[in-house]
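Text of upload-v5.tsv, listed as TSV, C-alpha atoms:
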```
chain	number	residue	atom	x	y	z
A	25	MET	CA	58.48	38.39	-67.86
A	26	PHE	CA	55.07	40.07	-67.85
A	27	GLU	CA	54.49	39.40	-64.15
A	28	ARG	CA	57.75	41.17	-63.44
A	29	LEU	CA	56.79	44.06	-65.71
A	30	GLN	CA	53.45	44.44	-63.94
A	31	SER	CA	55.18	44.49	-60.56
A	32	LEU	CA	57.53	47.21	-61.83
A	33	GLU	CA	54.56	49.27	-63.03
A	34	ASP	CA	52.87	48.84	-59.65
A	35	ARG	CA	56.04	49.98	-57.92
A	36	TYR	CA	56.32	52.98	-60.26
A	37	GLU	CA	52.76	54.07	-59.41
A	38	ARG	CA	53.50	53.62	-55.70
A	39	LEU	CA	56.58	55.83	-56.07
A	40	ASN	CA	54.41	58.53	-57.64
A	41	GLU	CA	52.31	58.48	-54.47
A	42	LEU	CA	55.35	58.50	-52.19
A	43	LEU	CA	56.89	61.47	-54.02
A	44	SER	CA	53.76	63.46	-53.20
A	45	ASP	CA	53.85	62.48	-49.53
A	46	PRO	CA	54.75	65.44	-47.25
A	47	ASP	CA	56.85	63.15	-45.03
A	48	VAL	CA	58.97	62.12	-48.02
A	49	LEU	CA	59.21	65.66	-49.37
A	50	SER	CA	60.66	66.79	-46.04
A	51	ASP	CA	63.25	63.97	-45.99
A	52	SER	CA	65.98	64.76	-48.53
A	53	THR	CA	67.51	61.26	-48.33
A	54	LYS	CA	64.22	59.46	-49.06
A	55	LEU	CA	63.28	62.03	-51.70
A	56	ARG	CA	66.58	61.46	-53.53
A	57	GLU	CA	66.31	57.66	-53.17
A	58	PHE	CA	62.72	57.43	-54.44
A	59	SER	CA	63.32	59.93	-57.26
A	60	LYS	CA	66.29	57.91	-58.50
A	61	GLU	CA	64.33	54.65	-58.32
A	62	GLN	CA	61.43	56.20	-60.24
A	63	SER	CA	63.80	57.56	-62.88
A	64	ASN	CA	65.39	54.12	-63.31
A	65	LEU	CA	61.97	52.51	-63.83
A	66	SER	CA	60.60	55.18	-66.15
A	67	ASP	CA	61.76	53.81	-69.54
A	68	THR	CA	60.70	50.24	-68.71
A	69	VAL	CA	57.26	51.22	-67.44
A	70	GLN	CA	56.63	53.50	-70.42
A	71	ALA	CA	57.59	50.72	-72.85
A	72	TYR	CA	55.32	48.27	-70.99
A	73	LYS	CA	52.38	50.67	-71.21
A	74	GLU	CA	53.00	51.05	-74.95
A	75	TYR	CA	53.13	47.27	-75.25
A	76	LYS	CA	49.79	46.81	-73.45
A	77	ASP	CA	48.22	49.46	-75.66
A	78	VAL	CA	49.45	47.69	-78.83
A	79	VAL	CA	48.20	44.32	-77.51
A	80	ASN	CA	44.71	45.79	-76.91
A	81	GLN	CA	44.65	47.30	-80.40
A	82	TYR	CA	45.77	43.96	-81.81
A	83	LYS	CA	42.95	42.10	-80.01
A	84	ASP	CA	40.39	44.64	-81.22
A	85	ALA	CA	41.63	44.33	-84.80
A	86	LYS	CA	41.54	40.52	-84.67
A	87	SER	CA	37.97	40.58	-83.33
A	88	MET	CA	36.88	42.57	-86.39
A	89	PHE	CA	37.47	39.47	-88.52
A	90	GLU	CA	34.45	37.93	-86.79
A	91	GLU	CA	32.29	40.60	-88.39
A	92	LYS	CA	31.18	40.72	-92.00
A	93	LEU	CA	33.67	42.92	-93.82
A	94	ASP	CA	33.79	44.04	-97.42
A	95	ASP	CA	37.00	43.39	-99.36
A	96	GLU	CA	38.40	46.88	-98.84
A	97	MET	CA	37.82	46.85	-95.08
A	98	TYR	CA	39.19	43.30	-94.85
A	99	GLU	CA	42.48	44.40	-96.46
A	100	MET	CA	42.69	47.45	-94.19
A	101	VAL	CA	42.25	45.35	-91.05
A	102	LYS	CA	44.71	42.77	-92.35
A	103	MET	CA	47.31	45.50	-92.90
A	104	GLU	CA	46.66	46.98	-89.45
A	105	ILE	CA	47.14	43.57	-87.81
A	106	SER	CA	50.43	43.09	-89.65
A	107	GLU	CA	51.69	46.49	-88.47
A	108	LEU	CA	50.60	45.81	-84.88
A	109	GLU	CA	52.33	42.42	-84.92
A	110	ASP	CA	55.57	44.16	-85.94
A	111	GLN	CA	55.14	46.76	-83.19
A	112	LYS	CA	54.36	44.04	-80.64
A	113	GLU	CA	57.46	42.06	-81.58
A	114	GLU	CA	59.65	45.17	-81.50
A	115	LEU	CA	58.35	46.20	-78.05
A	116	GLU	CA	58.82	42.67	-76.68
A	117	GLN	CA	62.46	42.77	-77.77
A	118	ARG	CA	62.90	46.22	-76.24
A	119	LEU	CA	61.35	45.06	-72.96
A	120	LYS	CA	63.70	42.07	-72.81
A	121	ILE	CA	66.65	44.45	-73.11
A	122	LEU	CA	65.23	46.84	-70.51
A	123	LEU	CA	64.84	43.94	-68.06
A	124	LEU	CA	68.48	42.88	-68.38
A	125	PRO	CA	70.51	43.36	-65.17
A	126	LYS	CA	71.73	46.94	-65.00
A	127	ASP	CA	75.24	47.80	-63.90
A	128	PRO	CA	74.73	49.80	-60.66
A	129	ASN	CA	77.64	52.04	-61.65
A	130	ASP	CA	76.26	53.04	-65.08
A	131	ASP	CA	74.99	56.49	-64.06
A	132	LYS	CA	78.20	57.49	-62.27
A	133	ASN	CA	80.99	59.91	-63.11
A	134	VAL	CA	84.29	58.24	-63.99
A	135	ILE	CA	87.95	58.50	-63.17
A	136	VAL	CA	90.07	57.61	-66.19
A	137	GLU	CA	93.71	56.54	-65.86
A	138	ILE	CA	95.83	56.42	-69.02
A	139	ARG	CA	99.43	55.18	-68.94
A	140	GLY	CA	102.01	54.89	-71.68
A	141	ALA	CA	103.11	51.24	-71.78
A	142	ALA	CA	105.34	49.54	-74.37
A	143	GLY	CA	107.03	51.96	-76.72
A	144	GLY	CA	108.74	54.65	-74.61
A	145	ASP	CA	108.20	58.21	-75.86
A	146	GLU	CA	105.87	57.05	-78.63
A	147	ALA	CA	103.65	55.29	-76.07
A	148	ALA	CA	103.51	58.51	-74.03
A	149	LEU	CA	102.51	60.51	-77.13
A	150	PHE	CA	99.79	57.96	-77.86
A	151	ALA	CA	98.56	58.26	-74.26
A	152	GLY	CA	98.17	61.98	-75.01
A	153	ASP	CA	96.15	61.19	-78.14
A	154	LEU	CA	93.82	58.95	-76.12
A	155	TYR	CA	93.38	61.66	-73.49
A	156	LYS	CA	92.35	64.16	-76.19
A	157	MET	CA	90.00	61.58	-77.72
A	158	TYR	CA	88.15	61.04	-74.43
A	159	THR	CA	87.96	64.74	-73.57
A	160	ARG	CA	86.48	65.48	-77.00
A	161	PHE	CA	83.97	62.65	-76.53
A	162	ALA	CA	83.01	64.17	-73.18
A	163	GLU	CA	82.76	67.72	-74.53
A	164	ALA	CA	80.35	66.61	-77.27
A	165	ARG	CA	77.99	65.43	-74.51
A	166	GLY	CA	78.34	68.51	-72.35
A	167	TRP	CA	80.31	66.56	-69.72
A	168	LYS	CA	83.04	68.26	-67.73
A	169	THR	CA	86.61	66.99	-67.47
A	170	GLU	CA	89.10	67.73	-64.71
A	171	VAL	CA	92.74	66.65	-64.55
A	172	ILE	CA	93.70	65.05	-61.25
A	173	GLU	CA	97.31	64.09	-61.91
A	174	ALA	CA	99.56	64.30	-64.97
A	175	ASN	CA	103.09	63.02	-65.48
A	176	TYR	CA	104.37	64.66	-68.65
A	177	THR	CA	107.29	63.68	-70.89
A	178	GLU	CA	109.78	66.19	-72.25
A	179	ILE	CA	108.72	65.68	-75.88
A	180	GLY	CA	105.02	65.82	-75.06
A	181	GLY	CA	102.45	63.22	-74.13
A	182	TYR	CA	102.07	61.53	-70.77
A	183	LYS	CA	103.72	58.74	-68.91
A	184	GLU	CA	100.50	58.83	-66.91
A	185	ILE	CA	97.42	61.04	-66.76
A	186	ILE	CA	94.48	60.67	-64.40
A	187	PHE	CA	91.36	62.74	-64.95
A	188	MET	CA	87.70	62.83	-63.99
A	189	ILE	CA	84.72	63.04	-66.34
A	190	ASN	CA	81.56	64.40	-64.71
A	191	GLY	CA	78.37	63.51	-66.55
A	192	THR	CA	75.29	61.35	-66.04
A	193	GLY	CA	75.89	57.95	-67.63
A	194	ALA	CA	79.61	58.50	-68.19
A	195	TYR	CA	80.49	55.06	-66.84
A	196	SER	CA	77.83	53.32	-68.98
A	197	LYS	CA	79.61	54.60	-72.10
A	198	LEU	CA	83.27	54.56	-71.12
A	199	LYS	CA	83.49	51.29	-69.15
A	200	TYR	CA	84.18	49.50	-72.43
A	201	GLU	CA	87.48	51.39	-72.78
A	202	ASN	CA	89.23	49.31	-70.08
A	203	GLY	CA	92.24	47.55	-71.55
A	204	ALA	CA	95.36	47.95	-73.67
A	205	HIS	CA	95.12	50.18	-76.74
A	206	ARG	CA	97.68	49.61	-79.51
A	207	VAL	CA	98.92	52.14	-82.06
A	208	GLN	CA	100.75	51.40	-85.32
A	209	ARG	CA	102.38	54.41	-86.96
A	210	VAL	CA	105.67	56.01	-87.98
A	211	PRO	CA	106.95	58.02	-84.99
A	212	THR	CA	108.09	61.59	-85.59
A	213	THR	CA	111.53	60.56	-84.31
A	214	GLU	CA	111.82	57.73	-86.87
A	215	SER	CA	114.06	58.81	-89.74
A	216	GLY	CA	113.76	55.57	-91.69
A	217	GLY	CA	109.99	55.70	-92.08
A	218	ARG	CA	109.46	52.41	-90.25
A	219	ILE	CA	106.13	51.67	-88.60
A	220	HIS	CA	106.39	51.16	-84.84
A	221	THR	CA	103.87	49.46	-82.55
A	222	SER	CA	103.27	50.99	-79.12
A	223	THR	CA	100.65	50.58	-76.42
A	224	ALA	CA	98.90	52.55	-73.72
A	225	THR	CA	96.62	51.16	-71.02
A	226	VAL	CA	93.29	52.66	-70.02
A	227	ALA	CA	91.46	52.06	-66.73
A	228	VAL	CA	87.96	53.50	-66.23
A	229	LEU	CA	86.79	53.56	-62.62
A	230	PRO	CA	83.36	54.65	-61.39
A	231	GLU	CA	83.49	57.54	-58.91
A	232	THR	CA	82.41	56.40	-55.46
A	233	GLU	CA	80.83	58.32	-52.62
A	234	ASP	CA	81.82	58.16	-48.95
A	235	VAL	CA	78.67	56.17	-48.21
A	236	GLU	CA	79.71	53.43	-50.66
A	237	ILE	CA	83.18	52.86	-49.30
A	238	GLU	CA	84.40	54.09	-45.94
A	239	ILE	CA	88.07	54.89	-45.50
A	240	HIS	CA	89.19	55.44	-41.93
A	241	GLU	CA	91.75	58.13	-41.17
A	242	LYS	CA	93.80	55.62	-39.17
A	243	ASP	CA	94.20	53.54	-42.35
A	244	ILE	CA	95.76	56.27	-44.46
A	245	ARG	CA	99.07	58.11	-44.43
A	246	VAL	CA	99.31	61.53	-46.06
A	247	ASP	CA	102.70	62.84	-47.22
A	248	THR	CA	103.20	66.35	-48.58
A	249	PHE	CA	105.97	67.65	-50.83
A	250	CYS	CA	106.70	70.41	-53.32
A	251	SER	CA	105.14	70.04	-56.75
A	252	SER	CA	107.40	69.49	-59.73
A	253	GLY	CA	106.70	69.61	-63.44
A	254	ALA	CA	108.15	68.16	-66.62
A	255	GLY	CA	111.92	67.91	-66.45
A	256	GLY	CA	111.87	68.12	-62.66
A	257	GLN	CA	111.70	71.90	-62.34
A	258	SER	CA	109.92	73.24	-59.26
A	259	VAL	CA	106.36	74.35	-59.83
A	260	ASN	CA	106.07	75.93	-56.42
A	261	THR	CA	108.07	76.14	-53.23
A	262	THR	CA	105.28	75.21	-50.84
A	263	ALA	CA	104.42	71.63	-49.90
A	264	SER	CA	101.13	71.56	-51.82
A	265	ALA	CA	101.57	68.17	-53.52
A	266	VAL	CA	99.99	65.23	-51.72
A	267	ARG	CA	100.70	61.52	-51.61
A	268	VAL	CA	98.00	59.39	-49.94
A	269	VAL	CA	98.75	55.80	-48.94
A	270	HIS	CA	95.98	53.39	-47.96
A	271	ILE	CA	97.92	51.13	-45.60
A	272	PRO	CA	95.67	48.00	-45.59
A	273	THR	CA	95.74	47.67	-49.40
A	274	ASN	CA	99.04	49.51	-50.05
A	275	THR	CA	97.22	51.70	-52.59
A	276	VAL	CA	99.13	54.90	-53.36
A	277	VAL	CA	97.74	58.03	-55.03
A	278	THR	CA	99.69	61.19	-55.76
A	279	CYS	CA	98.16	64.53	-56.75
A	280	GLN	CA	99.97	67.81	-57.44
A	281	ASP	CA	97.77	69.42	-60.08
A	282	GLU	CA	96.36	72.09	-57.74
A	283	LYS	CA	98.28	74.80	-55.86
A	284	SER	CA	96.24	74.05	-52.76
A	285	GLN	CA	97.24	71.13	-50.56
A	286	HIS	CA	93.61	70.75	-49.47
A	287	LYS	CA	92.34	70.49	-53.07
A	288	ASN	CA	95.07	68.01	-53.97
A	289	LYS	CA	94.12	65.82	-51.02
A	290	ASP	CA	90.43	65.91	-52.00
A	291	LYS	CA	91.29	64.83	-55.54
A	292	ALA	CA	93.64	62.11	-54.30
A	293	MET	CA	90.96	60.74	-51.98
A	294	LYS	CA	88.49	60.50	-54.89
A	295	VAL	CA	90.96	58.40	-56.85
A	296	LEU	CA	91.81	56.32	-53.78
A	297	ARG	CA	88.13	55.51	-53.12
A	298	ALA	CA	87.60	54.60	-56.77
A	299	ARG	CA	90.62	52.28	-56.87
A	300	ILE	CA	89.72	50.50	-53.64
A	301	TYR	CA	86.08	50.15	-54.72
A	302	ASP	CA	87.19	48.72	-58.06
A	303	LYS	CA	89.54	46.27	-56.32
A	304	MET	CA	86.75	45.17	-53.96
A	305	GLN	CA	84.33	44.64	-56.85
A	306	GLN	CA	86.81	42.50	-58.75
A	307	GLU	CA	87.55	40.40	-55.67
A	308	GLN	CA	83.84	39.94	-54.89
A	309	GLN	CA	83.15	38.76	-58.43
A	310	ALA	CA	86.20	36.53	-58.77
A	311	GLU	CA	83.97	33.46	-58.74
A	312	TYR	CA	82.31	34.74	-61.91
A	313	ASP	CA	85.59	35.05	-63.85
A	314	GLU	CA	84.34	32.99	-66.76
A	315	VAL	CA	81.36	35.28	-67.21
A	316	ARG	CA	83.52	38.39	-66.81
A	317	LYS	CA	85.97	37.21	-69.46
A	318	SER	CA	83.23	36.48	-71.97
A	319	ALA	CA	81.28	39.70	-71.37
A	320	VAL	CA	82.29	42.77	-73.38
A	321	GLY	CA	84.04	45.43	-71.35
A	322	THR	CA	84.83	43.35	-68.29
A	323	GLY	CA	87.99	41.60	-69.42
A	324	ASP	CA	91.51	41.86	-68.10
A	325	ARG	CA	92.89	45.38	-68.45
A	326	SER	CA	96.14	43.98	-69.83
A	327	GLU	CA	94.19	42.51	-72.75
A	328	ARG	CA	94.65	44.28	-76.10
A	329	ILE	CA	91.20	45.58	-76.98
A	330	ARG	CA	91.77	47.96	-79.89
A	331	THR	CA	94.32	48.83	-82.57
A	332	TYR	CA	94.72	52.27	-84.18
A	333	ASN	CA	96.51	51.84	-87.53
A	334	PHE	CA	97.61	55.23	-88.92
A	335	PRO	CA	99.00	54.17	-92.35
A	336	GLN	CA	95.62	52.62	-93.25
A	337	SER	CA	93.48	55.07	-91.23
A	338	ARG	CA	91.93	52.02	-89.58
A	339	VAL	CA	90.61	51.29	-86.10
A	340	THR	CA	89.84	47.69	-85.09
A	341	ASP	CA	88.09	46.63	-81.89
A	342	HIS	CA	89.31	43.06	-81.38
A	343	ARG	CA	86.58	42.04	-78.93
A	344	ILE	CA	83.82	42.19	-81.54
A	345	GLY	CA	85.87	42.14	-84.74
A	346	LEU	CA	84.71	45.63	-85.75
A	347	THR	CA	86.94	47.54	-88.19
A	348	LEU	CA	86.27	51.14	-89.22
A	349	GLN	CA	88.21	53.24	-91.73
A	350	LYS	CA	87.56	56.35	-89.64
A	351	LEU	CA	90.72	56.87	-87.60
A	352	ASP	CA	90.66	60.69	-87.78
A	353	GLN	CA	87.01	60.88	-86.70
A	354	ILE	CA	87.50	58.45	-83.83
A	355	LEU	CA	90.52	60.35	-82.50
A	356	GLN	CA	88.31	63.46	-82.62
A	357	GLY	CA	86.10	61.75	-80.03
A	358	LYS	CA	83.48	60.25	-82.35
A	359	LEU	CA	83.34	56.91	-80.51
A	360	ASP	CA	79.59	56.32	-80.70
A	361	GLU	CA	79.69	53.75	-83.50
A	362	ILE	CA	82.18	51.59	-81.58
A	363	ILE	CA	80.46	52.00	-78.20
A	364	ASP	CA	77.00	51.30	-79.64
A	365	ALA	CA	78.29	48.08	-81.21
A	366	LEU	CA	79.84	47.02	-77.90
A	367	VAL	CA	76.57	47.72	-76.06
A	368	VAL	CA	74.60	45.60	-78.55
A	369	GLU	CA	77.13	42.76	-78.22
A	370	GLU	CA	76.94	42.85	-74.43
A	371	GLN	CA	73.13	42.90	-74.49
A	372	ALA	CA	73.09	39.90	-76.84
A	373	SER	CA	75.48	38.04	-74.54
A	374	LEU	CA	73.37	38.79	-71.45
A	375	MET	CA	70.15	37.75	-73.23
A	376	GLN	CA	71.75	34.47	-74.28
A	377	GLN	CA	72.84	33.83	-70.70
A	378	ALA	CA	69.31	34.61	-69.46
A	379	ASP	CA	67.84	32.07	-71.88
A	380	GLU	CA	70.23	29.28	-70.85
```
Reformat the file's structure so that it appears as structure tokens.
Amino acid sequence: MFERLQSLEDRYERLNELLSDPDVLSDSTKLREFSKEQSNLSDTVQAYKEYKDVVNQYKDAKSMFEEKLDDEMYEMVKMEISELEDQKEELEQRLKILLLPKDPNDDKNVIVEIRGAAGGDEAALFAGDLYKMYTRFAEARGWKTEVIEANYTEIGGYKEIIFMINGTGAYSKLKYENGAHRVQRVPTTESGGRIHTSTATVAVLPETEDVEIEIHEKDIRVDTFCSSGAGGQSVNTTASAVRVVHIPTNTVVTCQDEKSQHKNKDKAMKVLRARIYDKMQQEQQAEYDEVRKSAVGTGDRSERIRTYNFPQSRVTDHRIGLTLQKLDQILQGKLDEIIDALVVEEQASLMQQADE
């Protein structure tokens, strides 16, 4: 571990030199690449430097025992050694976590797709609740949200809503939301006061750039049509809505949120790239299915991951057995307690795999 940490520190120092090199400063691609690499190494290198400093202090304190000390000084040194041992152990644990394999998509923006599933109108209303929950979570972090496509129901809610969240690290937080979310509550349309169970599915896709996945014009078909809103009424009379079909994978994306055909196509292409990239990733890692199923946040999206129980104001994440009596707060976007617990569980799983 420490050989690897030393090599990372050496690389970090080399990057400092490169980022002062006039040739690099004049090359925007290299400058961006080296700056990102340095940023990714920063926390690990800083923690390693702290660790080395603590180790040196620990050695110095231990060497003092070889000298003649009075009782008071002996107790002071003994206490200092105990504190340094705790710091050393804490930093070693932190370094182990920092050295775990990092998801290359963690820093990316995300495209979130929410669809009402079992439960008809109630499922669509719940999909709307989830959309509000995620937008509030994003707003609390200063992230921006942008609707790409929305398919409303007449009583409110969404059969489907696709939106983008722009913010550094959005994927690292929201990737754990992939899966089926279940709600248990009395619908507003239920006269008998019976509790119904409905579901909505959530897919979180990392935004991809053109350089990561290339889509050739010959492989897509673009159809245009007039936008329509809830109930089928015409939103406009020009063919601004866009349907993009990726012929090789038969992936279809529709976007009619903007009045401009050009803007709708741009949005649709972002979703198309993200879906194809996600499909490619899953196919490439098919051989690691057992690992994917056991790791938090990488399971099948049809799997029920969380239940929102309104009568008991309870939210349960089934993957880690976490139950919180904070339904109102969670629906207001306060997801940190759940996400932090999922991160810790995933880190523990990865550390166990590394030790095997």
Q: Compile the contact shell of Asp131 of chain A as JSON, numbers by chain: residues with an atom at most 6 Å away, counting only C-alpha atoms, same-chain residues fewer than 2 positions apart removed.
A: {"A": [129, 192, 193]}
(Q) I'd like the contact shell of Lys83 of chain A - 12 Å cut-off, only C-alpha atoms, skipping same-chain residues fewer than 6 positions apart - returned as a list of chain:residue names. (A)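 Result of the neighbour search: A:Lys76, A:Asp77, A:Phe89, A:Glu90, A:Val101, A:Glu104, A:Ile105, A:Leu108, A:Glu109, A:Lys112.
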Q) Which one of A:Gly203, A:Thr275, A:Glu146, A:Val268 sits closest to His220 of chain A if you count only C-alpha atoms? A)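 Among the listed residues, A:Glu146 lies closest to His220 of chain A.
Note that atom CA of Thr223 of chain A and atom CA of Glu178 of chain A are 18.6 Å apart.
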**Q.** Shell around Val210 of chain A at 12 Å using all atoms listed in the file, local window under 6 positions removed, as a ChimeraX atom specification
**A.** /A:146,150,216-222,333-336
Q: For Glu37 of chain A, list every protein, DNA or RNA residue within 10 Å, evaluated using all atoms listed in the file, and leave out those in the same chain fewer than 5 positions away; present the list as a list of chain:residue names.
A: A:Ser31, A:Leu32, A:Leu42, A:Gln62, A:Val69
Q: One decimal, Å: what's the distance from atom CA of Asp145 of chain A over to atom CA of Gln349 of chain A, could you say?
A: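 So the answer is 26.0 Å.
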Q: Please indicate the distance in Å from atom CA of Asp352 of chain A to atom CA of Asn190 of chain A, rounded to one decimal place.
A: 25.1 Å
Q. For Thr177 of chain A, which residue out of A:Ile189, A:Ile244, A:Ala224, A:Ala147 is the nearest one, using only C-alpha atoms?
A.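 Under the stated criterion, the closest residue is A:Ala147.
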If you take all atoms listed in the file and a cut-off of 8 Å, which residues of segment 88-179 of chain A touch segment 359-378 of chain A, and what are their nearest atom pairs and distances in Å to one decimal, in chain and number order, as a tab-separated table?
```
residue	atom	partner	partner_atom	distance
A:Lys120	CA	A:Met375	CA	7.8
A:Ile121	CA	A:Gln371	CA	6.8
A:Leu124	CA	A:Leu374	CA	7.1
A:Phe161	CA	A:Leu359	CA	7.0
```
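If you measure from each of A:Leu355, A:Leu198, A:Val269, A:Ala71 to Gln117 of chain A using all atoms listed in the file, the closest one turns out to be A:Ala71.
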Q. At a cut-off of 10 Å from (91.8, 50.6, -55.2) in the coordinates of the file, what residues are picked up using only C-alpha atoms, written as an MDAnalysis selection string?
A. chainID A and resid 229 270 273:277 295:305
Got time to write the residues from that selection, C-alpha atoms, as a compact mmCIF listing (two decimals), in the coordinates of the input?
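The resulting result.txt:
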```txt
# COMPACT_ATOMS: atom_id res chain seq x y z
CA LEU A 229 86.79 53.56 -62.62
CA HIS A 270 95.98 53.39 -47.96
CA THR A 273 95.74 47.67 -49.40
CA ASN A 274 99.04 49.51 -50.05
CA THR A 275 97.22 51.70 -52.59
CA VAL A 276 99.13 54.90 -53.36
CA VAL A 277 97.74 58.03 -55.03
CA VAL A 295 90.96 58.40 -56.85
CA LEU A 296 91.81 56.32 -53.78
CA ARG A 297 88.13 55.51 -53.12
CA ALA A 298 87.60 54.60 -56.77
CA ARG A 299 90.62 52.28 -56.87
CA ILE A 300 89.72 50.50 -53.64
CA TYR A 301 86.08 50.15 -54.72
CA ASP A 302 87.19 48.72 -58.06
CA LYS A 303 89.54 46.27 -56.32
CA MET A 304 86.75 45.17 -53.96
CA GLN A 305 84.33 44.64 -56.85
```
Generate the coordinates of N, CA and C atoms for segment 290-305 of chain A; report them as a CSV table (one decimal), in the coordinates of the input.
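Written out: rebuild.csv:
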```
chain,number,residue,atom,x,y,z
A,290,ASP,N,91.8,66.3,-51.6
A,290,ASP,CA,90.4,65.9,-52.0
A,290,ASP,C,90.4,65.1,-53.3
A,291,LYS,N,91.2,65.5,-54.3
A,291,LYS,CA,91.3,64.8,-55.5
A,291,LYS,C,91.9,63.4,-55.3
A,292,ALA,N,93.0,63.4,-54.5
A,292,ALA,CA,93.6,62.1,-54.3
A,292,ALA,C,92.7,61.1,-53.6
A,293,MET,N,91.9,61.6,-52.7
A,293,MET,CA,91.0,60.7,-52.0
A,293,MET,C,89.9,60.2,-52.9
A,294,LYS,N,89.5,61.0,-53.9
A,294,LYS,CA,88.5,60.5,-54.9
A,294,LYS,C,89.1,59.3,-55.7
A,295,VAL,N,90.3,59.5,-56.1
A,295,VAL,CA,91.0,58.4,-56.8
A,295,VAL,C,91.2,57.2,-56.0
A,296,LEU,N,91.6,57.4,-54.7
A,296,LEU,CA,91.8,56.3,-53.8
A,296,LEU,C,90.5,55.5,-53.6
A,297,ARG,N,89.4,56.2,-53.3
A,297,ARG,CA,88.1,55.5,-53.1
A,297,ARG,C,87.8,54.7,-54.3
A,298,ALA,N,88.0,55.3,-55.5
A,298,ALA,CA,87.6,54.6,-56.8
A,298,ALA,C,88.4,53.3,-57.0
A,299,ARG,N,89.7,53.4,-56.7
A,299,ARG,CA,90.6,52.3,-56.9
A,299,ARG,C,90.3,51.1,-55.9
A,300,ILE,N,90.0,51.5,-54.6
A,300,ILE,CA,89.7,50.5,-53.6
A,300,ILE,C,88.4,49.9,-53.9
A,301,TYR,N,87.4,50.7,-54.4
A,301,TYR,CA,86.1,50.2,-54.7
A,301,TYR,C,86.2,49.2,-55.9
A,302,ASP,N,87.0,49.6,-56.9
A,302,ASP,CA,87.2,48.7,-58.1
A,302,ASP,C,87.8,47.4,-57.7
A,303,LYS,N,88.8,47.5,-56.8
A,303,LYS,CA,89.5,46.3,-56.3
A,303,LYS,C,88.6,45.4,-55.6
A,304,MET,N,87.7,45.9,-54.7
A,304,MET,CA,86.8,45.2,-54.0
A,304,MET,C,85.7,44.5,-54.9
A,305,GLN,N,85.3,45.2,-55.9
A,305,GLN,CA,84.3,44.6,-56.8
A,305,GLN,C,84.9,43.4,-57.6
```
